[in-house]
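Inspection log for the structure reproduced underneath, given as structure tokens.
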Amino acid sequence: MHKKNYHHGDLKPALIQAGLDILEEEGLEGLSMRAIAARVGVSHTAPKNHFDGLHGLLSAIAAEGFRRHAAEMQKDVEDAPPGRERLDAACVGYIKFAREHGAMFRLMFSPRFNKKAEEEELATAAASSYGVLRGIAEGLNWQRPGPELSPELEAMRTELMLWVFVHGYASLVNEGQMPADPDGKPLFDVLELMPQFDYGN
């Protein structure tokens, strides 16, 4: 195979993009260090100059996925007025990304990553994605029985409830576990199933 000449600063983003392309075309099963290097046109040892093995490269690819995920959620949120419309826009963006980039979505939330200090780039990108939902959850009134919590714990529970709801829906749809019509389209979208939350003044 013809080898391309890359400057030191060019190869890393090229490898990440190659991984993204393989994910879209072949799914997680097609991802390997050799396949990514071949897509770029370099030897299979060249990525070692930029990544700590396949795990490091996949971590960088997942981090880029989280950045794109956050951008998809933010795209319509910025133009929506505060309240329910922003909540709907963020949820639609979350589901849209998950459905259009199923393999990437699975990689991002793979248990192979712990998203802690040793994967700082991935942890930062994942936090920015979650931060979109956290911002949406601020001021959300969730009517539920039970004892009152501190404001901090109440806010945490609300944002986690929102995340569990939208992420669970996305995962079930991607795994083909949601009721669907004969064409495979889910019978209900996330907004039809979501309770009618309200925002305080």
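Residues in the structure tokens are numbered from 1 in each chain, the chains being A, B, ... in the order shown, and ligands are numbered from 1 in the order shown.
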
Using the chain letters and numbers from this document, which residues of segment 3-145 of chain A does DSSP assign to alpha helix (DSSP H), as a ChimeraX atom specification? /A:8-26,33-40,53-77,84-100,102-108,120-137

Contact residues around Gln177 of chain A with only C-alpha atoms at 12 Å, ignoring same-chain residues under 5 positions, as a list in words: Gly168, Tyr169, Ala170, Ser171, Leu172, Gly184, Lys185, Pro186 and Leu187 of chain A

Residues just named, written with all heavy atoms as a JSON list (two decimals), in the first residue's frame:
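File written: again.json
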[["chain", "number", "residue", "atom", "x", "y", "z"],
["A", 168, "GLY", "N", -31.71, 5.64, 28.17],
["A", 168, "GLY", "CA", -32.37, 4.33, 28.10],
["A", 168, "GLY", "C", -33.20, 4.19, 26.83],
["A", 168, "GLY", "O", -33.18, 3.15, 26.18],
["A", 169, "TYR", "N", -33.92, 5.24, 26.48],
["A", 169, "TYR", "CA", -34.71, 5.21, 25.25],
["A", 169, "TYR", "C", -33.79, 5.00, 24.05],
["A", 169, "TYR", "O", -34.06, 4.15, 23.19],
["A", 169, "TYR", "CB", -35.50, 6.51, 25.10],
["A", 169, "TYR", "CG", -36.30, 6.57, 23.81],
["A", 169, "TYR", "CD1", -37.62, 6.11, 23.77],
["A", 169, "TYR", "CD2", -35.74, 7.07, 22.64],
["A", 169, "TYR", "CE1", -38.35, 6.15, 22.59],
["A", 169, "TYR", "CE2", -36.47, 7.11, 21.46],
["A", 169, "TYR", "CZ", -37.76, 6.66, 21.44],
["A", 169, "TYR", "OH", -38.48, 6.69, 20.26],
["A", 170, "ALA", "N", -32.71, 5.78, 23.98],
["A", 170, "ALA", "CA", -31.78, 5.67, 22.84],
["A", 170, "ALA", "C", -31.20, 4.27, 22.74],
["A", 170, "ALA", "O", -31.11, 3.69, 21.64],
["A", 170, "ALA", "CB", -30.67, 6.69, 22.99],
["A", 171, "SER", "N", -30.81, 3.70, 23.87],
["A", 171, "SER", "CA", -30.20, 2.37, 23.86],
["A", 171, "SER", "C", -31.20, 1.30, 23.43],
["A", 171, "SER", "O", -30.88, 0.40, 22.65],
["A", 171, "SER", "CB", -29.64, 2.05, 25.25],
["A", 171, "SER", "OG", -28.63, 2.97, 25.60],
["A", 172, "LEU", "N", -32.43, 1.40, 23.93],
["A", 172, "LEU", "CA", -33.46, 0.42, 23.56],
["A", 172, "LEU", "C", -33.80, 0.49, 22.08],
["A", 172, "LEU", "O", -33.99, -0.53, 21.42],
["A", 172, "LEU", "CB", -34.71, 0.64, 24.41],
["A", 172, "LEU", "CG", -34.59, 0.25, 25.89],
["A", 172, "LEU", "CD1", -35.80, 0.75, 26.67],
["A", 172, "LEU", "CD2", -34.46, -1.27, 26.04],
["A", 184, "GLY", "N", -39.90, -0.59, 10.85],
["A", 184, "GLY", "CA", -38.84, -0.51, 11.84],
["A", 184, "GLY", "C", -38.79, 0.79, 12.61],
["A", 184, "GLY", "O", -37.96, 0.94, 13.51],
["A", 185, "LYS", "N", -39.68, 1.73, 12.31],
["A", 185, "LYS", "CA", -39.69, 3.00, 13.01],
["A", 185, "LYS", "C", -40.37, 2.83, 14.37],
["A", 185, "LYS", "O", -41.43, 2.21, 14.47],
["A", 185, "LYS", "CB", -40.45, 4.05, 12.20],
["A", 185, "LYS", "CG", -40.48, 5.42, 12.85],
["A", 185, "LYS", "CD", -41.25, 6.42, 11.98],
["A", 185, "LYS", "CE", -41.32, 7.78, 12.64],
["A", 185, "LYS", "NZ", -42.08, 8.76, 11.82],
["A", 186, "PRO", "N", -39.76, 3.35, 15.45],
["A", 186, "PRO", "CA", -40.39, 3.23, 16.78],
["A", 186, "PRO", "C", -41.81, 3.79, 16.78],
["A", 186, "PRO", "O", -42.09, 4.82, 16.16],
["A", 186, "PRO", "CB", -39.46, 4.05, 17.68],
["A", 186, "PRO", "CG", -38.14, 4.04, 16.99],
["A", 186, "PRO", "CD", -38.46, 4.04, 15.52],
["A", 187, "LEU", "N", -42.69, 3.10, 17.46],
["A", 187, "LEU", "CA", -44.07, 3.56, 17.51],
["A", 187, "LEU", "C", -44.22, 4.87, 18.27],
["A", 187, "LEU", "O", -45.11, 5.67, 17.99],
["A", 187, "LEU", "CB", -44.94, 2.49, 18.19],
["A", 187, "LEU", "CG", -45.21, 1.21, 17.39],
["A", 187, "LEU", "CD1", -46.04, 0.24, 18.22],
["A", 187, "LEU", "CD2", -45.93, 1.53, 16.07]]

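Here the question is which of A:Leu23, A:Ala127, A:Cys91, A:Leu149 gets nearest to Val164 of chain A using only C-alpha atoms, and that residue is A:Cys91.
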
Selected residue of minimal separation from Leu87 of chain A among A:Val173, A:Met108, A:Ala126, A:Ala137, counting only C-alpha atoms: A:Ala137

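Near Ala70 of chain A, within 8 Å and counting only C-alpha atoms, sit Phe66, Arg67, Met73, Gln74, Ser128, Ser129, Tyr130 and Val132 of chain A; same-chain residues fewer than 3 positions away were not included.
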
Could those selected residues go to a file with C-alpha atoms, as a short mmCIF file (atom, residue, chain, number, x, y, z; two decimals), in the first residue's frame?
data_model
loop_
_atom_site.label_atom_id
_atom_site.label_comp_id
_atom_site.auth_asym_id
_atom_site.auth_seq_id
_atom_site.Cartn_x
_atom_site.Cartn_y
_atom_site.Cartn_z
CA PHE A 66 -18.80 12.98 22.90
CA ARG A 67 -17.87 16.38 21.48
CA MET A 73 -27.76 18.47 21.54
CA GLN A 74 -26.76 22.14 21.64
CA SER A 128 -19.24 18.43 28.39
CA SER A 129 -21.88 16.18 26.85
CA TYR A 130 -23.48 15.42 30.21
CA VAL A 132 -25.81 19.89 28.34
#

Which one is closest to Phe113 of chain A: A:Leu15, A:Ala90, A:Ala63, A:Val42? Count only C-alpha atoms. A:Ala63

What is the atom CA of Gly30 of chain A to atom CA of Ala18 of chain A distance in Å? 11.3 Å

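Considering the residues A:Pro13, A:Gly139, A:Pro111, A:Gly56 and counting only C-alpha atoms, Met33 of chain A has its shortest atom-to-atom contact with A:Gly56.
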
Name all residues at most 12 Å from Gly19 of chain A (count only C-alpha atoms; drop same-chain ones fewer than 4 positions away) and give them as a PyMOL selection string. chain A and resi 12-15+23-40+47+54+57-65+103-104+107

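Comparing the minimum interatomic distances between Gly93 of chain A and each of A:Asp79, A:Asp52, A:Glu72, A:Asp183, counting only C-alpha atoms, we find that A:Glu72 sits nearest.
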
Can you pull out the residues contacting Val190 of chain A? Cut-off 9 Å, using only C-alpha atoms, and skip same-chain residues under 2 positions away; I want them as a ChimeraX atom specification. /A:88,91-92,95,165-166,169-170,188,192-194

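The gap separating atom CA of Gly131 of chain A from atom CA of Val77 of chain A is 12.8 Å, in Å to one decimal.
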
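Pairwise distance (atom CA of Glu120 of chain A, atom CA of His167 of chain A) equals 22.7 Å.
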